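What's in structure_11.cif: mmCIF, C-alpha atoms and all ligand atoms
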```
data_start
loop_
_atom_site.label_atom_id
_atom_site.label_comp_id
_atom_site.auth_asym_id
_atom_site.auth_seq_id
_atom_site.Cartn_x
_atom_site.Cartn_y
_atom_site.Cartn_z
CA MET K 1 22.69 -26.59 26.68
CA GLU K 2 19.79 -25.54 24.58
CA ARG K 3 20.45 -22.58 22.30
CA GLU K 4 18.30 -19.48 22.59
CA GLN K 5 16.55 -18.42 19.41
CA ILE K 6 17.36 -14.98 18.03
CA VAL K 7 15.13 -12.98 15.68
CA PHE K 8 16.33 -10.42 13.14
CA VAL K 9 14.41 -7.43 11.82
CA GLY K 10 15.73 -5.69 8.77
CA SER K 11 15.02 -3.19 6.06
CA SER K 12 16.33 -2.96 2.53
CA ASP K 13 18.44 0.20 2.71
CA LEU K 14 19.56 2.75 0.11
CA SER K 15 22.27 0.39 -1.12
CA GLY K 16 19.72 -2.41 -1.50
CA HIS K 17 21.32 -4.47 1.27
CA PHE K 18 19.04 -6.00 3.90
CA ARG K 19 20.28 -4.64 7.20
CA GLY K 20 18.94 -4.47 10.73
CA LYS K 21 19.36 -5.83 14.24
CA SER K 22 18.38 -8.90 16.20
CA PHE K 23 16.92 -9.70 19.63
CA PRO K 24 15.94 -12.74 21.73
CA LEU K 25 12.76 -14.49 20.64
CA ALA K 26 11.31 -14.03 24.14
CA ASP K 27 11.17 -10.27 23.47
CA LEU K 28 9.26 -10.60 20.21
CA PRO K 29 5.83 -9.41 21.50
CA ASP K 30 7.46 -6.31 22.91
CA ARG K 31 9.67 -5.73 19.84
CA LEU K 32 6.65 -5.99 17.53
CA GLN K 33 5.42 -2.87 19.33
CA ARG K 34 8.56 -0.84 19.90
CA GLY K 35 10.98 -2.25 17.33
CA VAL K 36 14.74 -1.76 17.57
CA ASN K 37 16.61 1.55 17.55
CA LEU K 38 18.75 2.53 14.59
CA ALA K 39 20.92 5.54 13.91
CA LEU K 40 19.62 7.62 10.99
CA THR K 41 22.92 6.86 9.29
CA ASN K 42 22.09 3.13 9.24
CA VAL K 43 20.28 3.54 5.92
CA PHE K 44 23.43 5.17 4.51
CA LEU K 45 25.80 2.24 4.95
CA SER K 46 27.44 1.90 1.57
CA ALA K 47 27.16 -0.99 -0.88
CA PHE K 48 30.62 -2.08 0.29
CA GLY K 49 30.01 -1.61 4.02
CA PRO K 50 31.77 1.51 5.28
CA ILE K 51 29.91 4.81 5.56
CA GLN K 52 30.91 6.90 2.53
CA PHE K 53 28.28 9.62 2.75
CA THR K 54 25.64 10.47 5.34
CA PRO K 55 23.71 13.69 5.90
CA PHE K 56 23.15 12.74 9.55
CA GLY K 57 26.55 11.72 10.93
CA THR K 58 26.24 10.31 14.43
CA GLN K 59 23.02 12.23 15.13
CA GLY K 60 19.49 10.97 15.56
CA GLU K 61 17.57 7.72 15.91
CA VAL K 62 14.64 5.96 14.31
CA LEU K 63 12.75 2.80 15.12
CA LEU K 64 12.70 -0.26 12.90
CA ILE K 65 9.39 -1.98 13.67
CA PRO K 66 8.92 -5.60 12.50
CA ASP K 67 5.87 -6.08 10.27
CA ALA K 68 4.22 -9.19 11.74
CA SER K 69 2.84 -10.18 8.32
CA THR K 70 6.37 -10.67 6.94
CA ARG K 71 7.54 -13.31 9.41
CA VAL K 72 10.06 -15.74 7.90
CA LEU K 73 10.83 -18.79 10.04
CA VAL K 74 12.71 -21.52 8.22
CA PRO K 75 14.29 -24.32 10.25
CA PHE K 76 17.51 -25.86 8.95
CA GLU K 77 18.43 -29.21 10.48
CA GLY K 78 21.44 -29.15 12.80
CA THR K 79 22.00 -25.42 12.54
CA ALA K 80 20.35 -22.10 13.42
CA SER K 81 16.96 -21.36 11.90
CA GLU K 82 16.40 -18.40 9.65
CA TYR K 83 14.08 -16.22 11.66
CA PHE K 84 13.53 -12.70 10.41
CA PHE K 85 10.98 -9.98 9.74
CA LEU K 86 10.92 -7.07 7.35
CA GLY K 87 10.39 -3.82 9.16
CA ASP K 88 9.18 -0.25 8.73
CA LEU K 89 11.27 2.74 9.74
CA ARG K 90 9.41 5.12 12.02
CA THR K 91 10.36 8.28 13.83
CA LEU K 92 10.52 8.22 17.63
CA GLU K 93 7.10 9.94 17.51
CA GLY K 94 5.72 6.93 15.63
CA GLU K 95 5.34 8.56 12.21
CA ALA K 96 6.55 6.88 9.02
CA TRP K 97 10.11 8.13 8.41
CA GLU K 98 10.53 9.74 4.99
CA PHE K 99 13.61 7.55 4.26
CA CYS K 100 11.68 4.29 4.82
CA PRO K 101 11.71 2.46 1.44
CA ARG K 102 8.53 0.52 2.24
CA HIS K 103 6.81 3.80 3.08
CA ILE K 104 7.99 5.34 -0.20
CA LEU K 105 6.52 2.43 -2.17
CA ARG K 106 3.31 2.41 -0.10
CA ARG K 107 2.74 6.08 -0.89
CA ALA K 108 3.21 5.47 -4.63
CA LEU K 109 0.79 2.52 -4.54
CA GLU K 110 -1.79 4.54 -2.62
CA ASP K 111 -1.59 7.30 -5.24
CA LEU K 112 -1.96 4.70 -7.98
CA GLN K 113 -5.05 3.37 -6.24
CA GLN K 114 -6.51 6.84 -5.66
CA GLN K 115 -5.88 8.18 -9.14
CA THR K 116 -6.77 5.09 -11.18
CA GLY K 117 -8.45 2.58 -8.85
CA LEU K 118 -5.72 0.10 -9.79
CA THR K 119 -3.74 -2.38 -7.71
CA LEU K 120 -0.28 -3.41 -8.86
CA LEU K 121 0.36 -7.11 -9.31
CA ALA K 122 4.05 -7.91 -9.65
CA SER K 123 6.67 -10.59 -9.37
CA LEU K 124 10.43 -10.38 -9.54
CA GLU K 125 12.46 -12.81 -11.57
CA GLN K 126 15.91 -12.93 -10.02
CA GLU K 127 19.00 -14.29 -11.71
CA MET K 128 22.02 -15.29 -9.64
CA VAL K 129 25.33 -17.07 -9.79
CA TYR K 130 25.74 -20.03 -7.41
CA SER K 131 29.27 -20.87 -6.26
CA GLY K 132 28.40 -24.51 -5.56
CA VAL K 133 28.91 -25.45 -9.21
CA ALA K 134 32.19 -25.43 -11.15
CA ALA K 135 32.42 -22.45 -13.51
CA TYR K 136 33.44 -24.59 -16.47
CA PRO K 137 32.11 -25.95 -18.67
CA SER K 138 29.23 -23.57 -19.16
CA GLN K 139 26.06 -25.61 -19.79
CA PRO K 140 23.30 -23.21 -20.85
CA TYR K 141 19.85 -24.57 -19.89
CA GLU K 142 21.15 -28.15 -19.73
CA LEU K 143 19.45 -30.62 -17.48
CA ASP K 144 22.93 -31.53 -16.28
CA ALA K 145 23.57 -27.92 -15.21
CA TYR K 146 20.34 -28.07 -13.25
CA ARG K 147 21.38 -31.44 -11.78
CA ARG K 148 24.82 -30.22 -10.73
CA GLN K 149 23.43 -27.57 -8.39
CA GLY K 150 22.34 -30.56 -6.27
CA ILE K 151 19.76 -29.71 -3.62
CA PHE K 152 20.21 -25.93 -3.71
CA GLY K 153 17.13 -25.33 -5.88
CA GLU K 154 14.87 -27.73 -4.00
CA ALA K 155 15.96 -26.35 -0.63
CA LEU K 156 15.44 -22.79 -1.86
CA LEU K 157 11.90 -23.45 -3.07
CA ALA K 158 11.04 -25.21 0.20
CA ALA K 159 12.50 -22.32 2.20
CA MET K 160 10.53 -19.77 0.15
CA ARG K 161 7.28 -21.64 0.68
CA LYS K 162 7.97 -21.90 4.41
CA GLY K 163 8.85 -18.20 4.44
CA GLY K 164 5.53 -17.21 2.87
CA VAL K 165 6.72 -16.68 -0.72
CA ILE K 166 5.07 -18.77 -3.44
CA PRO K 167 7.74 -20.06 -5.83
CA ASP K 168 6.92 -20.00 -9.53
CA SER K 169 10.07 -21.40 -11.09
CA PHE K 170 13.72 -22.30 -10.60
CA LEU K 171 15.95 -22.94 -13.58
CA SER K 172 19.46 -23.17 -14.88
CA GLU K 173 20.22 -20.02 -16.91
CA TYR K 174 22.52 -19.21 -19.79
CA GLY K 175 25.73 -18.35 -17.89
CA ALA K 176 28.11 -20.72 -16.15
CA ARG K 177 26.80 -21.29 -12.57
CA GLN K 178 23.86 -19.02 -13.34
CA TYR K 179 20.38 -19.85 -12.05
CA GLU K 180 17.11 -18.00 -11.82
CA VAL K 181 14.27 -18.01 -9.32
CA THR K 182 10.86 -16.40 -9.74
CA SER K 183 8.03 -16.03 -7.27
CA ALA K 184 4.33 -15.86 -8.07
CA PRO K 185 2.73 -12.46 -8.78
CA VAL K 186 1.43 -10.77 -5.64
CA ARG K 187 -0.19 -7.46 -4.81
CA GLY K 188 1.60 -4.19 -4.20
CA LEU K 189 4.20 -3.90 -1.49
CA ARG K 190 4.37 -7.63 -1.03
CA ALA K 191 6.07 -8.02 -4.44
CA ALA K 192 9.14 -6.13 -3.21
CA ASP K 193 8.98 -7.93 0.15
CA ASP K 194 8.98 -11.27 -1.66
CA ALA K 195 12.05 -10.27 -3.67
CA VAL K 196 13.96 -9.36 -0.51
CA ILE K 197 12.89 -12.55 1.28
CA THR K 198 13.78 -14.70 -1.73
CA ARG K 199 17.24 -13.15 -2.01
CA GLU K 200 17.92 -13.67 1.69
CA LEU K 201 16.71 -17.26 1.54
CA ALA K 202 18.86 -17.99 -1.52
CA GLN K 203 21.85 -16.72 0.45
CA ALA K 204 20.69 -18.66 3.54
CA VAL K 205 20.40 -21.95 1.67
CA ALA K 206 23.71 -21.46 -0.16
CA TYR K 207 25.39 -20.69 3.17
CA ARG K 208 24.08 -23.90 4.76
CA LEU K 209 25.56 -25.77 1.80
CA GLY K 210 28.94 -24.07 2.26
CA HIS K 211 28.48 -21.76 -0.72
CA ARG K 212 27.28 -18.34 -1.76
CA VAL K 213 25.07 -16.79 -4.37
CA SER K 214 25.78 -13.52 -6.11
CA PHE K 215 23.04 -11.41 -7.67
CA ALA K 216 25.52 -8.77 -8.93
CA PRO K 217 25.04 -7.59 -12.54
CA LEU K 218 28.29 -9.17 -13.76
CA ALA K 219 30.74 -11.61 -12.20
CA GLU K 220 33.48 -10.34 -14.53
CA ALA K 221 33.76 -7.66 -17.19
CA GLY K 222 32.41 -8.83 -20.53
CA GLY K 223 30.80 -11.91 -18.95
CA VAL K 224 27.19 -13.06 -18.91
CA THR K 225 24.90 -10.51 -17.26
CA THR K 226 22.65 -11.12 -14.28
CA GLY K 227 19.42 -9.17 -14.06
CA THR K 228 16.33 -8.86 -11.92
CA HIS K 229 13.27 -8.56 -14.12
CA ILE K 230 10.06 -7.03 -12.82
CA HIS K 231 6.84 -8.53 -14.19
CA TRP K 232 3.77 -6.39 -13.70
CA SER K 233 0.10 -6.03 -14.43
CA PHE K 234 -2.85 -4.37 -12.71
CA LEU K 235 -6.20 -5.32 -11.30
CA ASP K 236 -9.10 -2.88 -11.20
CA ASP K 237 -11.34 -2.57 -8.15
CA HIS K 238 -13.41 -5.54 -9.36
CA ASN K 239 -10.26 -7.67 -9.54
CA ARG K 240 -10.26 -7.63 -13.33
CA PRO K 241 -6.98 -7.45 -15.27
CA VAL K 242 -6.68 -4.23 -17.27
CA LEU K 243 -3.58 -4.54 -19.47
CA TYR K 244 -5.14 -6.81 -22.09
CA ASP K 245 -7.26 -5.53 -24.97
CA GLU K 246 -7.84 -8.01 -27.81
CA ALA K 247 -8.65 -5.20 -30.26
CA ARG K 248 -5.42 -3.25 -29.86
CA HIS K 249 -1.88 -3.52 -31.18
CA TRP K 250 -0.01 -6.26 -29.28
CA GLN K 251 -3.25 -6.61 -27.27
CA LEU K 252 -1.90 -3.86 -25.03
CA SER K 253 -4.74 -1.79 -23.58
CA GLN K 254 -4.66 1.98 -23.86
CA LEU K 255 -3.99 2.27 -20.15
CA GLY K 256 -1.16 -0.26 -20.43
CA SER K 257 0.31 1.61 -23.37
CA GLN K 258 0.22 4.90 -21.48
CA PHE K 259 1.75 3.36 -18.38
CA ALA K 260 4.57 1.79 -20.41
CA ALA K 261 5.10 5.10 -22.23
CA GLY K 262 5.50 6.84 -18.87
CA ILE K 263 8.16 4.35 -17.85
CA LEU K 264 10.05 4.73 -21.14
CA HIS K 265 9.77 8.51 -20.98
CA HIS K 266 11.28 8.66 -17.47
CA LEU K 267 13.66 5.76 -17.93
CA ASN K 268 16.93 7.73 -17.73
CA ALA K 269 16.02 8.86 -14.23
CA LEU K 270 14.43 5.55 -13.23
CA CYS K 271 17.67 3.78 -14.16
CA ALA K 272 19.47 5.46 -11.27
CA LEU K 273 17.15 3.57 -8.91
CA SER K 274 16.64 0.29 -10.79
CA CYS K 275 20.24 -0.13 -12.02
CA ALA K 276 21.85 1.34 -8.97
CA SER K 277 25.53 0.44 -9.26
CA VAL K 278 28.51 1.38 -11.40
CA ALA K 279 28.63 -2.20 -12.73
CA SER K 280 24.91 -2.09 -13.65
CA TYR K 281 25.81 -0.04 -16.72
CA TYR K 282 28.25 -2.66 -18.03
CA ARG K 283 25.17 -4.88 -18.26
CA LEU K 284 23.09 -2.40 -20.29
CA ARG K 285 25.20 -2.64 -23.43
CA PRO K 286 24.04 -3.68 -26.88
CA GLY K 287 24.58 -7.24 -28.04
CA GLY K 288 23.48 -9.15 -24.95
CA TRP K 289 20.12 -10.16 -23.51
CA ALA K 290 19.87 -7.11 -21.34
CA PRO K 291 18.30 -3.89 -22.69
CA ALA K 292 20.32 -1.03 -24.17
CA GLN K 293 17.50 1.28 -25.38
CA ASN K 294 14.31 2.72 -23.90
CA ASP K 295 12.20 0.44 -26.08
CA ILE K 296 9.26 -1.93 -25.82
CA GLY K 297 8.85 -5.13 -27.79
CA ARG K 298 6.47 -8.01 -27.93
CA TYR K 299 8.29 -11.20 -26.92
CA ASP K 300 11.62 -9.31 -27.21
CA ARG K 301 14.11 -10.19 -24.48
CA GLY K 302 16.45 -7.44 -25.61
CA ALA K 303 13.90 -4.68 -24.98
CA ALA K 304 13.57 -2.47 -21.91
CA ILE K 305 9.95 -3.59 -21.60
CA ARG K 306 8.91 -6.97 -22.94
CA ILE K 307 5.30 -7.87 -23.57
CA CYS K 308 5.23 -11.47 -22.39
CA SER K 309 3.47 -14.23 -24.25
CA VAL K 310 0.18 -15.76 -23.14
CA ALA K 311 -0.85 -19.30 -23.90
CA ALA K 312 -4.51 -19.79 -23.02
CA SER K 313 -7.17 -20.19 -25.68
CA GLU K 314 -9.86 -18.35 -23.76
CA CYS K 315 -9.74 -14.57 -23.82
CA ALA K 316 -10.40 -14.22 -20.07
CA HIS K 317 -7.47 -16.49 -19.25
CA ARG K 318 -5.19 -14.69 -21.69
CA ALA K 319 -6.10 -11.40 -20.03
CA ARG K 320 -5.18 -12.87 -16.62
CA GLN K 321 -1.82 -14.13 -17.89
CA TYR K 322 -0.95 -11.00 -19.84
CA ASN K 323 1.87 -9.07 -18.22
CA LEU K 324 4.74 -6.76 -19.04
CA GLU K 325 8.31 -7.28 -17.97
CA PHE K 326 10.56 -4.39 -17.01
CA ARG K 327 14.12 -5.57 -17.71
CA VAL K 328 16.14 -2.48 -16.82
CA ALA K 329 16.77 -3.65 -13.27
CA ASP K 330 19.26 -5.64 -11.26
CA ALA K 331 19.78 -6.67 -7.66
CA THR K 332 21.91 -3.67 -6.71
CA ALA K 333 18.62 -1.74 -6.70
CA ASN K 334 16.47 -1.24 -3.67
CA PRO K 335 13.33 -2.97 -5.04
CA TYR K 336 10.93 -0.67 -3.15
CA LEU K 337 12.47 2.49 -4.60
CA ALA K 338 12.68 1.03 -8.11
CA LEU K 339 9.03 -0.11 -8.02
CA ALA K 340 7.87 3.19 -6.52
CA MET K 341 9.52 5.21 -9.30
CA MET K 342 8.25 2.77 -11.94
CA VAL K 343 4.69 3.26 -10.66
CA ARG K 344 5.01 7.06 -10.53
CA ALA K 345 6.53 7.18 -14.03
CA GLY K 346 3.66 5.03 -15.32
CA LEU K 347 1.09 7.21 -13.56
CA ASP K 348 2.61 10.24 -15.24
CA GLY K 349 2.20 8.45 -18.59
CA ILE K 350 -1.50 7.87 -17.84
CA ARG K 351 -1.99 11.45 -16.65
CA SER K 352 -0.42 12.93 -19.78
CA GLY K 353 -2.05 10.39 -22.11
CA THR K 354 1.28 9.56 -23.81
CA ASP K 355 1.25 6.68 -26.27
CA ILE K 356 4.26 4.37 -26.58
CA ALA K 357 4.64 5.33 -30.23
CA GLN K 358 5.28 8.94 -29.13
CA VAL K 359 8.29 8.22 -26.93
CA PRO K 360 11.48 8.91 -28.90
CA SER K 361 13.89 6.02 -28.75
CA GLN K 362 17.28 6.65 -27.21
CA PRO K 363 20.08 4.64 -25.68
CA LEU K 364 19.99 4.04 -21.94
CA PRO K 365 22.37 6.18 -19.83
CA PRO K 366 25.96 4.98 -20.32
CA SER K 367 26.83 5.22 -16.62
CA LEU K 368 25.42 5.56 -13.12
CA ALA K 369 26.72 9.14 -13.07
CA ASP K 370 24.58 10.00 -16.12
CA ALA K 371 21.52 8.31 -14.66
CA LEU K 372 22.00 10.24 -11.40
CA ASN K 373 22.11 13.52 -13.31
CA ALA K 374 18.75 12.60 -14.86
CA LEU K 375 17.35 11.53 -11.49
CA GLU K 376 18.42 14.79 -9.89
CA ARG K 377 16.45 16.78 -12.50
CA SER K 378 13.38 14.54 -12.49
CA GLU K 379 10.13 15.85 -11.03
CA VAL K 380 8.75 12.34 -10.89
CA ALA K 381 11.77 11.32 -8.80
CA ALA K 382 11.18 14.26 -6.45
CA GLN K 383 7.55 13.14 -6.11
CA THR K 384 8.57 9.53 -5.58
CA LEU K 385 11.28 10.05 -3.00
CA GLY K 386 10.57 13.51 -1.63
CA PRO K 387 13.21 16.24 -2.09
CA ALA K 388 15.31 15.33 0.97
CA VAL K 389 15.60 11.64 0.09
CA LEU K 390 16.27 12.46 -3.56
CA ALA K 391 19.14 14.82 -2.72
CA ALA K 392 20.60 12.37 -0.20
CA TYR K 393 20.31 9.40 -2.58
CA VAL K 394 22.15 11.27 -5.34
CA GLN K 395 24.99 12.20 -2.98
CA PHE K 396 25.08 8.69 -1.53
CA LYS K 397 25.49 7.15 -4.98
CA ARG K 398 28.02 9.75 -6.11
CA ALA K 399 30.13 8.78 -3.11
CA GLU K 400 29.90 5.14 -4.24
CA ILE K 401 31.14 6.13 -7.70
CA ALA K 402 34.02 8.11 -6.16
CA SER K 403 35.01 5.15 -3.98
CA LEU K 404 35.65 3.07 -7.13
CA GLU K 405 37.74 5.64 -8.92
CA GLY K 406 40.89 4.22 -10.48
CA LEU K 407 39.63 0.62 -10.58
CA ASP K 408 39.17 -1.11 -13.91
CA GLU K 409 35.88 -2.72 -15.01
CA ASN K 410 36.96 -6.16 -13.91
CA GLU K 411 37.86 -5.03 -10.41
CA ILE K 412 34.61 -3.07 -10.16
CA CYS K 413 32.58 -6.13 -11.20
CA ARG K 414 34.40 -8.19 -8.60
CA ARG K 415 33.85 -5.63 -5.85
CA TYR K 416 30.09 -5.75 -6.48
CA ALA K 417 30.01 -9.53 -6.93
CA ASP K 418 31.56 -9.87 -3.46
CA VAL K 419 28.78 -7.91 -1.76
CA TYR K 420 25.58 -8.54 -3.77
N1 LIG K 501 20.70 -12.40 -18.09
C1 LIG K 501 19.95 -11.43 -18.85
C2 LIG K 501 19.91 -10.10 -18.11
O1 LIG K 501 20.91 -9.66 -17.65
C3 LIG K 501 18.54 -11.91 -19.15
C4 LIG K 501 18.40 -13.26 -19.78
C5 LIG K 501 16.92 -13.63 -19.86
O2 LIG K 501 16.25 -13.24 -20.81
O3 LIG K 501 16.43 -14.23 -18.90
O4 LIG K 501 18.90 -9.46 -17.99
MG MG K 502 16.58 -15.11 -17.11
#
```

Starting from the file, lay out its structure as structure tokens.
Amino acid sequence: MEREQIVFVGSSDLSGHFRGKSFPLADLPDRLQRGVNLALTNVFLSAFGPIQFTPFGTQGEVLLIPDASTRVLVPFEGTASEYFFLGDLRTLEGEAWEFCPRHILRRALEDLQQQTGLTLLASLEQEMVYSGVAAYPSQPYELDAYRRQGIFGEALLAAMRKGGVIPDSFLSEYGARQYEVTSAPVRGLRAADDAVITRELAQAVAYRLGHRVSFAPLAEAGGVTTGTHIHWSFLDDHNRPVLYDEARHWQLSQLGSQFAAGILHHLNALCALSCASVASYYRLRPGGWAPAQNDIGRYDRGAAIRICSVAASECAHRARQYNLEFRVADATANPYLALAMMVRAGLDGIRSGTDIAQVPSQPLPPSLADALNALERSEVAAQTLGPAVLAAYVQFKRAEIASLEGLDENEICRRYADVY
């Protein structure tokens, strides 16, 4: 008997999980038009699975419409192929639904374009822990640590390329079993799409090898942290890079400085979207390689924003390479929401003409609860998400915090490591 191919369409929901439904391949042309039906509550499934909070209950439906440009079809010998699309959430009347994360990011990028003429160029650098390698000894950056992951890395890069994501690097990281994959910078929405696709393909490859990857911020309390770093720059409407200015401090253009200042200024609120779990805040402690302050530093991997190094001798090439890295993020975030708020915070920095030197330095929020309080009060967050989504997100995350009450840090880390 020949198997019948099944296609999945999904969306990265409020918890940052990629969830959706599947259908027979034969129905694809039709499904590309009408999508699949979801309950409104589908975007409120908790990080751990069960519904903990939903404003909609059992009421209402939306459509999840596959975006044909995001098709991922990766054959795996002797087993089912990975065949999935990323989708947009639309109302039954065909309008973009306000809770659709891709829509929220699209709106932010359109405003960026309208107000500044700029296009975002971004790539996400994703750390992970791969279970296919023994946890001890830890072999930071050793060739042997790279070797011991066997074919995982090569299969992942091949799967990414097949799935339409251009791989930039794969390496063995500092922690035991820890690896990192980065895709090439791409424009706008596609940067978040690439992050979601890469994460799914990492899981898909690990699964075929009888293993699992975890992108959670910490495998155990006090252990090595796992982050998702967002590299970004901008192109103007003539495709010229705009962050680099040879004459300025750190070669950071005035526009770049204002944008970074906006991010640092709104960072407490942004944290609630980019470091979206209780365990995220165990990562943001001083003494490690993750940030603990709302600071910027050239070549500083402990800073919230790192100005990355460039190597070319020609100015034009240096300007093309020049990018900033936002390090206050991990994989419990919905990447669309985190990027959307980052863009809006930066736009606010440009609008108000703030310079990075003017942003007072302060520690990052000590907990998700603190970050949510800042998010709730933030006008930029209300602009980014819209008031209804903002209120719902805050309640959704407060329910997640409540569900972990009474557990110690180690148990909380483990709970997240099991599901991210
Ligand atoms: N693992 C660190 C983090 O949690 C980052 C290490 C690095 O600089 O790549 O962000
Ligand atoms: Mg790294």

**Request:** Record the distance separating CA of Glu220 (chain K) and CA of Asp300 (chain K), expressed in Å with one decimal.
**Result:** 25.3 Å

**Asked** Closest to ligand LIG 501 (chain K) among K:Gln59, K:Thr41, K:Thr226, K:Ser169, using only C-alpha atoms and all ligand atoms?
**Response**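 Comparing K:Gln59, K:Thr41, K:Thr226, K:Ser169 against ligand LIG 501 (chain K), the winner is K:Thr226.
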
**Length of the CA of Ser46 (chain K) to CA of Gly16 (chain K) vector [Å]** =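 CA of Ser46 (chain K) sits 9.4 Å away from CA of Gly16 (chain K).
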
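The residue that comes closest to Gly287 (chain K), out of K:Gln395, K:Thr54, K:Ser81, K:Thr225 and on the basis of only C-alpha atoms, is K:Thr225.
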
**Message:** Neighbouring residues of Leu40 (chain K) were defined as those with any atom within 8 Å, considering only C-alpha atoms; residues of the same chain fewer than 4 positions away were excluded. Please report them as a list of chain:residue names.
**Reply:**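 Result of the neighbour search: K:Phe44, K:Phe56, K:Thr58, K:Gln59, K:Gly60, K:Glu61, K:Val62.
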
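Candidate residues K:Cys271, K:Ser277, K:Thr354, K:Ala47 were compared for distance to Ala371 (chain K), and the nearest is K:Cys271, using only C-alpha atoms.
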
**Message:** Excluding Val242 (chain K) and its own-chain neighbours fewer than 5 positions away, which residues fall within 12 Å of it when counting all atoms listed in the file? Please give them as a VMD selection string.
**Reply:** chain K and resid 116 to 121 232 to 237 251 to 257 259 316 318 to 324

**Asked** Quick one, how far is atom C3 of ligand LIG 501 (chain K) from CA of Ala108 (chain K)?
**Response** 27.3 Å

**Message:** Give me the residues near Ala195 (chain K) as a list in words, where near means some atom within 8 Å (using all atoms listed in the file) and where sequence neighbours in that chain fewer than 5 positions away do not count.
**Reply:** Ser123, Leu124, Gln126, Ser183 and Pro335 of chain K

**Message:** Between K:Gly210, K:Gly175, K:Pro365, K:Gly297, which residue has the minimum interatomic distance to ligand MG 502 (chain K), considering all atoms listed in the file?
**Reply:**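 Checking each candidate against ligand MG 502 (chain K), we get K:Gly175 as the closest.
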
**Message:** Around ligand LIG 501 (chain K), out to 8 Å and counting all atoms listed in the file, which residues are there? I want them as an MDAnalysis selection string.
**Reply:** chainID K and resid 127 173:175 217 224:229 283 288:291 301:302 327:330

**Pick from K:Tyr179, K:Leu112, K:Ala134, K:Thr91 nearest to ligand MG 502 (chain K), counting all atoms listed in the file** = K:Tyr179

**Message:** At a cut-off of 12 Å, using all atoms listed in the file, what residues contact Pro286 (chain K)? Leave out same-chain residues fewer than 4 positions from it and give the result as a count of residues only.
**Reply:** 14

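With only C-alpha atoms as the atoms that count, the residue of K:Ala374, K:Met1, K:Leu368, K:Val43 with the shortest distance to Ala402 (chain K) is K:Leu368.
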
Which centre and edge lengths in Å to one decimal define the box along x, y and z that fits every listed atom of region 268-275 of chain K plus 6 Å per side, as lines of an AutoDock Vina configuration file?
```
center_x = 17.3
center_y = 4.4
center_z = -13.3
size_x = 17.8
size_y = 21.0
size_z = 20.8
```

For Ala155 (chain K), please output as an mmCIF file with C-alpha atoms, in the frame of the given file all residues within 8 Å (counting all atoms listed in the file; exclusion window: fewer than 4 positions along the same chain).
```cif
data_model
loop_
_atom_site.group_PDB
_atom_site.id
_atom_site.type_symbol
_atom_site.label_atom_id
_atom_site.label_comp_id
_atom_site.auth_asym_id
_atom_site.auth_seq_id
_atom_site.Cartn_x
_atom_site.Cartn_y
_atom_site.Cartn_z
ATOM 1 C CA ILE K 151 19.760 -29.710 -3.620
ATOM 2 C CA ALA K 159 12.500 -22.320 2.200
ATOM 3 C CA VAL K 205 20.400 -21.950 1.670
#
```

**Request:** Please check which residues have atoms at most 12 Å from (6.7, 7.7, -30.4) in the file's coordinates, counting all atoms listed in the file, and write them as JSON, numbers by chain.
**Result:** {"K": [257, 258, 260, 261, 262, 264, 265, 294, 295, 296, 354, 355, 356, 357, 358, 359, 360, 361, 362]}

**Request:** In the coordinate frame of the file, compute which residues have an atom within 12 Å of (6.9, 8.3, 17.0) when using only C-alpha atoms, and state them as a PyMOL selection string.
**Result:** chain K and resi 33-35+37+61-65+89-97
